[in-house]
$ cat run_25.cif   # mmCIF, C-alpha atoms
data_query
#
loop_
_atom_site.group_PDB
_atom_site.id
_atom_site.type_symbol
_atom_site.label_atom_id
_atom_site.label_comp_id
_atom_site.auth_asym_id
_atom_site.auth_seq_id
_atom_site.Cartn_x
_atom_site.Cartn_y
_atom_site.Cartn_z
ATOM 1 C CA MET A 13 103.184 91.432 81.512
ATOM 2 C CA ARG A 14 103.518 92.726 85.058
ATOM 3 C CA TYR A 15 105.788 90.860 87.431
ATOM 4 C CA GLY A 16 104.412 89.607 90.736
ATOM 5 C CA LEU A 17 106.361 88.316 93.674
ATOM 6 C CA VAL A 18 105.086 86.619 96.808
ATOM 7 C CA GLY A 19 107.357 85.515 99.627
ATOM 8 C CA LYS A 20 107.262 84.504 103.234
ATOM 9 C CA PHE A 21 109.651 85.585 105.939
ATOM 10 C CA THR A 22 109.791 83.953 109.326
ATOM 11 C CA ALA A 23 111.083 86.375 111.917
ATOM 12 C CA GLN A 24 113.247 85.444 114.847
ATOM 13 C CA PRO A 25 110.932 84.767 117.800
ATOM 14 C CA GLY A 26 109.366 87.982 119.021
ATOM 15 C CA ARG A 27 110.985 90.168 116.333
ATOM 16 C CA ARG A 28 108.112 90.183 113.848
ATOM 17 C CA ASP A 29 106.916 93.707 114.513
ATOM 18 C CA GLU A 30 110.414 95.173 114.157
ATOM 19 C CA PHE A 31 110.752 93.407 110.837
ATOM 20 C CA VAL A 32 107.341 94.627 109.669
ATOM 21 C CA ALA A 33 108.367 98.190 110.525
ATOM 22 C CA ILE A 34 111.457 97.880 108.317
ATOM 23 C CA LEU A 35 109.427 96.493 105.403
ATOM 24 C CA LEU A 36 106.987 99.393 105.755
ATOM 25 C CA GLN A 37 109.952 101.775 105.539
ATOM 26 C CA ALA A 38 111.040 99.963 102.384
ATOM 27 C CA ALA A 39 107.517 100.367 100.970
ATOM 28 C CA GLU A 40 107.689 104.082 101.727
ATOM 29 C CA ALA A 41 111.071 104.353 99.995
ATOM 30 C CA LEU A 42 109.429 102.749 96.947
ATOM 31 C CA GLY A 43 106.726 105.434 96.889
ATOM 32 C CA SER A 44 108.570 107.350 94.170
ATOM 33 C CA ASN A 45 109.498 104.251 92.133
ATOM 34 C CA GLU A 46 107.060 104.267 89.236
ATOM 35 C CA ASP A 47 107.837 100.653 88.364
ATOM 36 C CA CYS A 48 106.627 99.504 91.777
ATOM 37 C CA ILE A 49 102.842 99.122 91.569
ATOM 38 C CA HIS A 50 102.252 97.277 94.859
ATOM 39 C CA TYR A 51 104.466 96.477 97.801
ATOM 40 C CA LEU A 52 102.291 95.052 100.554
ATOM 41 C CA VAL A 53 103.308 93.840 103.967
ATOM 42 C CA SER A 54 101.105 91.311 105.740
ATOM 43 C CA THR A 55 101.072 89.087 108.757
ATOM 44 C CA ALA A 56 99.323 85.738 109.036
ATOM 45 C CA GLU A 57 97.935 83.435 111.680
ATOM 46 C CA GLU A 58 101.361 81.848 112.239
ATOM 47 C CA ALA A 59 102.961 83.989 114.962
ATOM 48 C CA ASP A 60 106.283 84.932 113.351
ATOM 49 C CA ALA A 61 105.250 84.943 109.687
ATOM 50 C CA ILE A 62 105.417 87.997 107.444
ATOM 51 C CA TRP A 63 104.378 87.953 103.787
ATOM 52 C CA ALA A 64 105.503 90.438 101.178
ATOM 53 C CA THR A 65 103.375 90.637 98.021
ATOM 54 C CA GLU A 66 104.652 92.817 95.226
ATOM 55 C CA VAL A 67 103.651 93.868 91.715
ATOM 56 C CA TRP A 68 106.159 95.514 89.401
ATOM 57 C CA THR A 69 106.012 96.669 85.801
ATOM 58 C CA ASN A 70 108.776 94.132 85.084
ATOM 59 C CA LYS A 71 111.277 91.856 86.818
ATOM 60 C CA ALA A 72 114.329 93.939 85.939
ATOM 61 C CA ALA A 73 112.827 96.947 87.734
ATOM 62 C CA HIS A 74 112.285 94.803 90.819
ATOM 63 C CA ASP A 75 115.853 93.497 90.760
ATOM 64 C CA ALA A 76 117.257 97.013 90.284
ATOM 65 C CA SER A 77 115.240 98.261 93.255
ATOM 66 C CA LEU A 78 117.421 96.238 95.622
ATOM 67 C CA GLU A 79 120.586 98.143 94.658
ATOM 68 C CA PRO A 80 120.280 101.719 96.046
ATOM 69 C CA ALA A 81 122.204 102.498 99.228
ATOM 70 C CA ASP A 82 119.109 103.303 101.307
ATOM 71 C CA VAL A 83 117.535 99.956 100.421
ATOM 72 C CA ARG A 84 120.766 98.103 101.129
ATOM 73 C CA ALA A 85 120.874 99.782 104.538
ATOM 74 C CA LEU A 86 117.350 98.532 105.284
ATOM 75 C CA ILE A 87 118.266 95.010 104.158
ATOM 76 C CA THR A 88 121.336 95.047 106.433
ATOM 77 C CA GLN A 89 119.127 96.203 109.304
ATOM 78 C CA ALA A 90 116.529 93.512 108.601
ATOM 79 C CA MET A 91 118.782 90.482 108.118
ATOM 80 C CA PRO A 92 119.384 89.700 111.820
ATOM 81 C CA LEU A 93 115.611 89.664 112.412
ATOM 82 C CA ILE A 94 114.982 86.932 109.821
ATOM 83 C CA ALA A 95 115.001 83.252 110.804
ATOM 84 C CA SER A 96 114.142 81.976 107.312
ATOM 85 C CA MET A 97 112.671 82.841 103.915
ATOM 86 C CA SER A 98 110.399 80.489 101.996
ATOM 87 C CA ASP A 99 107.408 80.097 99.673
ATOM 88 C CA ARG A 100 108.859 82.406 97.038
ATOM 89 C CA LEU A 101 106.509 82.582 94.075
ATOM 90 C CA GLU A 102 106.985 84.520 90.851
ATOM 91 C CA LEU A 103 103.835 85.476 88.966
ATOM 92 C CA GLN A 104 102.856 86.965 85.663
ATOM 93 C CA VAL A 105 100.080 89.355 86.644
ATOM 94 C CA VAL A 106 97.535 89.191 83.832
ATOM 95 C CA GLY A 107 95.171 91.853 85.112
ATOM 96 C CA GLY A 108 92.344 92.532 87.516
ATOM 97 C CA LYS A 109 91.224 95.249 89.895
ATOM 98 C CA GLY A 110 93.720 97.503 91.641
ATOM 99 C CA ILE A 111 96.532 97.859 89.112
ATOM 100 C CA MET B 6 93.104 95.555 109.370
ATOM 101 C CA ARG B 7 92.634 94.782 105.693
ATOM 102 C CA TYR B 8 91.972 91.201 104.703
ATOM 103 C CA GLY B 9 94.215 89.521 102.153
ATOM 104 C CA LEU B 10 93.584 86.280 100.356
ATOM 105 C CA VAL B 11 95.938 84.285 98.162
ATOM 106 C CA GLY B 12 94.937 81.082 96.449
ATOM 107 C CA LYS B 13 96.012 78.770 93.685
ATOM 108 C CA PHE B 14 93.777 77.162 91.113
ATOM 109 C CA THR B 15 94.922 74.390 88.854
ATOM 110 C CA ALA B 16 92.934 74.380 85.639
ATOM 111 C CA GLN B 17 91.941 71.291 83.731
ATOM 112 C CA PRO B 18 94.638 70.645 81.108
ATOM 113 C CA GLY B 19 94.481 73.297 78.394
ATOM 114 C CA ARG B 20 91.649 75.268 80.036
ATOM 115 C CA ARG B 21 93.767 77.845 81.852
ATOM 116 C CA ASP B 22 93.076 80.767 79.551
ATOM 117 C CA GLU B 23 89.304 80.217 79.666
ATOM 118 C CA PHE B 24 89.490 80.195 83.433
ATOM 119 C CA VAL B 25 91.623 83.354 83.494
ATOM 120 C CA ALA B 26 89.042 85.093 81.296
ATOM 121 C CA ILE B 27 86.295 84.262 83.785
ATOM 122 C CA LEU B 28 88.335 85.556 86.719
ATOM 123 C CA LEU B 29 88.975 88.792 84.822
ATOM 124 C CA GLN B 30 85.214 89.130 84.338
ATOM 125 C CA ALA B 31 84.809 88.640 88.079
ATOM 126 C CA ALA B 32 87.407 91.347 88.698
ATOM 127 C CA GLU B 33 85.471 93.674 86.414
ATOM 128 C CA ALA B 34 82.239 92.916 88.256
ATOM 129 C CA LEU B 35 84.055 93.924 91.466
ATOM 130 C CA GLY B 36 84.962 97.298 89.976
ATOM 131 C CA SER B 37 82.078 98.979 91.789
ATOM 132 C CA ASN B 38 82.600 97.123 95.072
ATOM 133 C CA GLU B 39 84.298 99.658 97.337
ATOM 134 C CA ASP B 40 85.356 96.977 99.798
ATOM 135 C CA CYS B 41 87.419 95.231 97.132
ATOM 136 C CA ILE B 42 90.805 96.978 96.992
ATOM 137 C CA HIS B 43 92.665 94.461 94.815
ATOM 138 C CA TYR B 44 91.583 91.440 92.841
ATOM 139 C CA LEU B 45 94.516 90.280 90.745
ATOM 140 C CA VAL B 46 94.713 87.363 88.384
ATOM 141 C CA SER B 47 98.110 85.830 87.639
ATOM 142 C CA THR B 48 99.659 82.869 85.943
ATOM 143 C CA ALA B 49 102.887 81.158 86.956
ATOM 144 C CA GLU B 50 105.598 78.996 85.467
ATOM 145 C CA GLU B 51 103.548 75.838 86.102
ATOM 146 C CA ALA B 52 101.448 75.410 82.951
ATOM 147 C CA ASP B 53 97.931 75.123 84.394
ATOM 148 C CA ALA B 54 98.340 77.279 87.505
ATOM 149 C CA ILE B 55 96.343 80.437 88.156
ATOM 150 C CA TRP B 56 96.774 82.541 91.273
ATOM 151 C CA ALA B 57 94.213 84.961 92.657
ATOM 152 C CA THR B 58 95.512 87.589 95.091
ATOM 153 C CA GLU B 59 92.952 89.778 96.780
ATOM 154 C CA VAL B 60 92.808 92.607 99.292
ATOM 155 C CA TRP B 61 89.534 93.577 100.947
ATOM 156 C CA THR B 62 88.602 96.099 103.614
ATOM 157 C CA ASN B 63 87.460 93.139 105.725
ATOM 158 C CA LYS B 64 86.714 89.412 105.508
ATOM 159 C CA ALA B 65 82.940 89.794 105.773
ATOM 160 C CA ALA B 66 82.923 91.972 102.644
ATOM 161 C CA HIS B 67 84.865 89.298 100.772
ATOM 162 C CA ASP B 68 82.504 86.550 101.888
ATOM 163 C CA ALA B 69 79.449 88.637 100.929
ATOM 164 C CA SER B 70 80.916 89.273 97.468
ATOM 165 C CA LEU B 71 80.396 85.615 96.557
ATOM 166 C CA GLU B 72 76.609 85.851 96.975
ATOM 167 C CA PRO B 73 75.237 88.026 94.111
ATOM 168 C CA ALA B 74 73.607 86.214 91.192
ATOM 169 C CA ASP B 75 76.120 87.461 88.596
ATOM 170 C CA VAL B 76 79.042 86.188 90.667
ATOM 171 C CA ARG B 77 77.328 82.854 91.274
ATOM 172 C CA ALA B 78 76.817 82.544 87.522
ATOM 173 C CA LEU B 79 80.552 83.080 86.947
ATOM 174 C CA ILE B 80 81.402 80.511 89.624
ATOM 175 C CA THR B 81 79.084 77.972 87.991
ATOM 176 C CA GLN B 82 80.740 78.671 84.649
ATOM 177 C CA ALA B 83 84.234 78.323 86.125
ATOM 178 C CA MET B 84 83.797 75.159 88.189
ATOM 179 C CA PRO B 85 84.160 72.642 85.326
ATOM 180 C CA LEU B 86 87.463 74.278 84.331
ATOM 181 C CA ILE B 87 89.053 73.724 87.758
ATOM 182 C CA ALA B 88 91.039 70.569 88.513
ATOM 183 C CA SER B 89 91.964 71.610 92.064
ATOM 184 C CA MET B 90 92.331 74.498 94.507
ATOM 185 C CA SER B 91 95.227 74.769 96.958
ATOM 186 C CA ASP B 92 97.659 77.016 98.800
ATOM 187 C CA ARG B 93 94.921 79.141 100.317
ATOM 188 C CA LEU B 94 96.434 81.786 102.564
ATOM 189 C CA GLU B 95 94.626 84.395 104.628
ATOM 190 C CA LEU B 96 96.575 87.538 105.467
ATOM 191 C CA GLN B 97 96.224 90.596 107.613
ATOM 192 C CA VAL B 98 97.495 93.342 105.334
ATOM 193 C CA VAL B 99 99.386 95.758 107.580
ATOM 194 C CA GLY B 100 100.212 98.370 104.933
ATOM 195 C CA GLY B 101 102.579 99.254 102.148
ATOM 196 C CA LYS B 102 102.455 100.771 98.686
ATOM 197 C CA GLY B 103 99.408 100.391 96.460
ATOM 198 C CA ILE B 104 96.504 100.340 98.906
#
$ encode --input "run_25.cif" --output "structure tokens"
Amino acid sequence: MRYGLVGKFTAQPGRRDEFVAILLQAAEALGSNEDCIHYLVSTAEEADAIWATEVWTNKAAHDASLEPADVRALITQAMPLIASMSDRLELQVVGGKGI
Amino acid sequence: MRYGLVGKFTAQPGRRDEFVAILLQAAEALGSNEDCIHYLVSTAEEADAIWATEVWTNKAAHDASLEPADVRALITQAMPLIASMSDRLELQVVGGKGI
């Protein structure tokens, strides 16, 4: 069954848009990763909140996606912009529209 | 900006799979709705939990999608299977892979 991942990032005050831009770069880098079905970047009403919602063919493919040098470089760039991470939720995506 | 919606349903004990089947029917009914980009149905580690994660072109289109008779019939069918609804989250989907 497909692997879903939802998680919230809280950016350092005023740094949300910089962080969003880095996540969108990460999404673009995943364009050629056939195991990555969705990698969506969202904001919410709360001023500094960013949500990432992902669907992968399997969890191992997700975990492996964090290893390449270009992704590690993005993570290093993003870390100072993050105040906290929370609300991590792992899902088994049964089906539906859009996958 | 695209409208995202995440929400958790807790099914009555042992009724999760029936509820999932109804949500998958709803997703199929949305197949021809061009404003519905994603409508995903997931389960989680918690035994009776079901998560719906949706992306729409806009909130009004989502709200309107609950009105047609076939959708209302599915809602009526699903209601007795639901113990509670929680964790509702509205998102502004900025971008990413898969939309």
$ calpha_fit_and_write --input "run_25.cif" --fixed "chain A" --moving "chain B" --output "CSV table (one decimal) with C-alpha atoms, in the coordinates of the input"
chain,number,residue,atom,x,y,z
B,6,MET,CA,103.2,91.4,81.5
B,7,ARG,CA,103.5,92.7,85.1
B,8,TYR,CA,105.8,90.9,87.4
B,9,GLY,CA,104.4,89.6,90.7
B,10,LEU,CA,106.4,88.3,93.7
B,11,VAL,CA,105.1,86.6,96.8
B,12,GLY,CA,107.4,85.5,99.6
B,13,LYS,CA,107.3,84.5,103.2
B,14,PHE,CA,109.6,85.6,105.9
B,15,THR,CA,109.8,84.0,109.3
B,16,ALA,CA,111.1,86.4,111.9
B,17,GLN,CA,113.2,85.4,114.8
B,18,PRO,CA,110.9,84.8,117.8
B,19,GLY,CA,109.4,88.0,119.0
B,20,ARG,CA,111.0,90.2,116.3
B,21,ARG,CA,108.1,90.2,113.8
B,22,ASP,CA,106.9,93.7,114.5
B,23,GLU,CA,110.4,95.2,114.2
B,24,PHE,CA,110.8,93.4,110.9
B,25,VAL,CA,107.3,94.6,109.7
B,26,ALA,CA,108.4,98.2,110.5
B,27,ILE,CA,111.4,97.9,108.3
B,28,LEU,CA,109.4,96.5,105.4
B,29,LEU,CA,107.0,99.4,105.7
B,30,GLN,CA,110.0,101.8,105.5
B,31,ALA,CA,111.0,100.0,102.4
B,32,ALA,CA,107.5,100.4,101.0
B,33,GLU,CA,107.7,104.1,101.7
B,34,ALA,CA,111.1,104.4,100.0
B,35,LEU,CA,109.4,102.8,96.9
B,36,GLY,CA,106.7,105.4,96.9
B,37,SER,CA,108.6,107.3,94.2
B,38,ASN,CA,109.5,104.3,92.1
B,39,GLU,CA,107.1,104.3,89.2
B,40,ASP,CA,107.8,100.7,88.4
B,41,CYS,CA,106.6,99.5,91.8
B,42,ILE,CA,102.8,99.1,91.6
B,43,HIS,CA,102.3,97.3,94.9
B,44,TYR,CA,104.5,96.5,97.8
B,45,LEU,CA,102.3,95.1,100.6
B,46,VAL,CA,103.3,93.8,104.0
B,47,SER,CA,101.1,91.3,105.7
B,48,THR,CA,101.1,89.1,108.8
B,49,ALA,CA,99.3,85.7,109.0
B,50,GLU,CA,97.9,83.4,111.7
B,51,GLU,CA,101.4,81.8,112.2
B,52,ALA,CA,103.0,84.0,114.9
B,53,ASP,CA,106.3,84.9,113.3
B,54,ALA,CA,105.2,84.9,109.7
B,55,ILE,CA,105.4,88.0,107.4
B,56,TRP,CA,104.4,88.0,103.8
B,57,ALA,CA,105.5,90.4,101.2
B,58,THR,CA,103.4,90.6,98.0
B,59,GLU,CA,104.7,92.8,95.2
B,60,VAL,CA,103.7,93.9,91.7
B,61,TRP,CA,106.2,95.5,89.4
B,62,THR,CA,106.0,96.7,85.8
B,63,ASN,CA,108.8,94.1,85.1
B,64,LYS,CA,111.3,91.9,86.8
B,65,ALA,CA,114.3,93.9,85.9
B,66,ALA,CA,112.8,96.9,87.7
B,67,HIS,CA,112.3,94.8,90.8
B,68,ASP,CA,115.8,93.5,90.8
B,69,ALA,CA,117.3,97.0,90.3
B,70,SER,CA,115.2,98.3,93.3
B,71,LEU,CA,117.4,96.2,95.6
B,72,GLU,CA,120.6,98.1,94.7
B,73,PRO,CA,120.3,101.7,96.1
B,74,ALA,CA,122.2,102.5,99.2
B,75,ASP,CA,119.1,103.3,101.3
B,76,VAL,CA,117.5,99.9,100.4
B,77,ARG,CA,120.8,98.1,101.1
B,78,ALA,CA,120.9,99.8,104.5
B,79,LEU,CA,117.3,98.5,105.3
B,80,ILE,CA,118.3,95.0,104.2
B,81,THR,CA,121.3,95.0,106.4
B,82,GLN,CA,119.1,96.2,109.3
B,83,ALA,CA,116.5,93.5,108.6
B,84,MET,CA,118.8,90.5,108.1
B,85,PRO,CA,119.4,89.7,111.8
B,86,LEU,CA,115.6,89.7,112.4
B,87,ILE,CA,115.0,86.9,109.8
B,88,ALA,CA,115.0,83.3,110.8
B,89,SER,CA,114.1,82.0,107.3
B,90,MET,CA,112.7,82.9,103.9
B,91,SER,CA,110.4,80.5,102.0
B,92,ASP,CA,107.4,80.1,99.7
B,93,ARG,CA,108.9,82.4,97.0
B,94,LEU,CA,106.5,82.6,94.1
B,95,GLU,CA,107.0,84.5,90.9
B,96,LEU,CA,103.8,85.5,89.0
B,97,GLN,CA,102.9,87.0,85.7
B,98,VAL,CA,100.1,89.3,86.6
B,99,VAL,CA,97.5,89.2,83.8
B,100,GLY,CA,95.2,91.9,85.1
B,101,GLY,CA,92.3,92.5,87.5
B,102,LYS,CA,91.2,95.2,89.9
B,103,GLY,CA,93.7,97.5,91.6
B,104,ILE,CA,96.5,97.9,89.1
$ closest_residue --input "run_25.cif" --among "A:Gln37, A:Ala90, A:Lys109, A:Val53" --to "Glu59 in chain B" --atoms "all atoms listed in the file"
A:Lys109
$ residues_around --input "run_25.cif" --residues "Ala95 in chain A" --least-positions-apart "2" --cutoff "7 Å" --atoms "only C-alpha atoms" --output "mmCIF file with C-alpha atoms, keeping the file's coordinate frame"
data_model
loop_
_atom_site.group_PDB
_atom_site.id
_atom_site.type_symbol
_atom_site.label_atom_id
_atom_site.label_comp_id
_atom_site.auth_asym_id
_atom_site.auth_seq_id
_atom_site.Cartn_x
_atom_site.Cartn_y
_atom_site.Cartn_z
ATOM 1 C CA THR A 22 109.791 83.953 109.326
ATOM 2 C CA ALA A 23 111.083 86.375 111.917
ATOM 3 C CA GLN A 24 113.247 85.444 114.847
ATOM 4 C CA LEU A 93 115.611 89.664 112.412
#
$ axis_aligned_box --input "run_25.cif" --around "range 51-60 of chain A" --padding-each-side "5 Å" --output "AutoDock Vina command-line options"
--center_x 102.1 --center_y 89.2 --center_z 106.4 --size_x 18.3 --size_y 24.6 --size_z 27.2
$ closest_residue --input "run_25.cif" --among "B:Ile55, B:Val11, B:Ile27, B:Leu35" --to "Leu71 in chain B" --atoms "only C-alpha atoms"
B:Leu35
$ resolve_selection --input "run_25.cif" --expression "the PyMOL selection byres ((chain A) within 9 of (chain B))" --output "PyMOL selection string"
chain A and resi 16+32+35-40+42-43+48-57+63+65-66+101-111
$ atom_distance --input "run_25.cif" --atom1 "CA of Asp29 in chain A" --atom2 "CA of Val83 in chain A"
18.7 Å
$ decode --input "run_25.cif" --residues "range 74-102 of chain A" --atoms "N, CA and C atoms" --output "tab-separated table (two decimals), in the first residue's frame"
chain	number	residue	atom	x	y	z
A	74	HIS	N	10.78	6.62	0.31
A	74	HIS	CA	10.81	7.94	0.97
A	74	HIS	C	12.12	8.12	1.74
A	75	ASP	N	12.45	7.13	2.57
A	75	ASP	CA	13.64	7.25	3.42
A	75	ASP	C	14.90	7.43	2.56
A	76	ALA	N	14.97	6.67	1.46
A	76	ALA	CA	16.13	6.75	0.58
A	76	ALA	C	16.24	8.11	-0.09
A	77	SER	N	15.09	8.77	-0.26
A	77	SER	CA	15.09	10.05	-0.98
A	77	SER	C	15.81	11.15	-0.20
A	78	LEU	N	16.03	10.92	1.09
A	78	LEU	CA	16.69	11.95	1.91
A	78	LEU	C	18.21	11.87	1.82
A	79	GLU	N	18.73	10.86	1.13
A	79	GLU	CA	20.17	10.60	1.13
A	79	GLU	C	21.00	11.36	0.09
A	80	PRO	N	20.48	11.60	-1.13
A	80	PRO	CA	21.35	12.20	-2.17
A	80	PRO	C	21.92	13.55	-1.74
A	81	ALA	N	23.08	13.87	-2.30
A	81	ALA	CA	23.81	15.08	-1.90
A	81	ALA	C	23.00	16.35	-2.13
A	82	ASP	N	22.24	16.41	-3.24
A	82	ASP	CA	21.51	17.65	-3.51
A	82	ASP	C	20.39	17.85	-2.48
A	83	VAL	N	19.79	16.75	-2.04
A	83	VAL	CA	18.74	16.85	-1.03
A	83	VAL	C	19.34	17.22	0.33
A	84	ARG	N	20.47	16.61	0.64
A	84	ARG	CA	21.15	16.95	1.90
A	84	ARG	C	21.52	18.43	1.93
A	85	ALA	N	21.92	18.95	0.79
A	85	ALA	CA	22.29	20.38	0.72
A	85	ALA	C	21.07	21.25	1.01
A	86	LEU	N	19.90	20.84	0.48
A	86	LEU	CA	18.68	21.61	0.74
A	86	LEU	C	18.29	21.53	2.22
A	87	ILE	N	18.46	20.34	2.81
A	87	ILE	CA	18.12	20.17	4.22
A	87	ILE	C	19.02	21.08	5.08
A	88	THR	N	20.32	21.09	4.75
A	88	THR	CA	21.26	21.94	5.49
A	88	THR	C	20.87	23.42	5.39
A	89	GLN	N	20.41	23.79	4.19
A	89	GLN	CA	20.00	25.18	3.94
A	89	GLN	C	18.72	25.51	4.72
A	90	ALA	N	17.85	24.51	4.86
A	90	ALA	CA	16.54	24.75	5.47
A	90	ALA	C	16.59	24.75	7.01
A	91	MET	N	17.49	23.98	7.58
A	91	MET	CA	17.48	23.77	9.03
A	91	MET	C	17.43	25.07	9.85
A	92	PRO	N	18.25	26.07	9.52
A	92	PRO	CA	18.23	27.29	10.35
A	92	PRO	C	16.91	28.06	10.28
A	93	LEU	N	16.08	27.73	9.30
A	93	LEU	CA	14.80	28.46	9.14
A	93	LEU	C	13.68	27.82	9.95
A	94	ILE	N	13.96	26.63	10.52
A	94	ILE	CA	12.91	25.86	11.20
A	94	ILE	C	12.96	26.08	12.71
A	95	ALA	N	11.83	26.50	13.28
A	95	ALA	CA	11.74	26.64	14.74
A	95	ALA	C	11.36	25.30	15.37
A	96	SER	N	10.45	24.57	14.73
A	96	SER	CA	10.04	23.26	15.27
A	96	SER	C	9.35	22.43	14.19
A	97	MET	N	9.28	21.12	14.45
A	97	MET	CA	8.56	20.19	13.60
A	97	MET	C	7.58	19.44	14.51
A	98	SER	N	6.38	19.17	13.98
A	98	SER	CA	5.37	18.53	14.81
A	98	SER	C	4.31	17.85	13.93
A	99	ASP	N	3.35	17.22	14.57
A	99	ASP	CA	2.16	16.68	13.90
A	99	ASP	C	2.51	15.68	12.81
A	100	ARG	N	3.61	14.96	12.99
A	100	ARG	CA	4.00	13.97	11.98
A	100	ARG	C	3.01	12.81	11.99
A	101	LEU	N	2.53	12.46	10.83
A	101	LEU	CA	1.51	11.42	10.70
A	101	LEU	C	1.87	10.52	9.53
A	102	GLU	N	1.97	9.24	9.79
A	102	GLU	CA	2.23	8.27	8.72
A	102	GLU	C	0.92	7.61	8.33
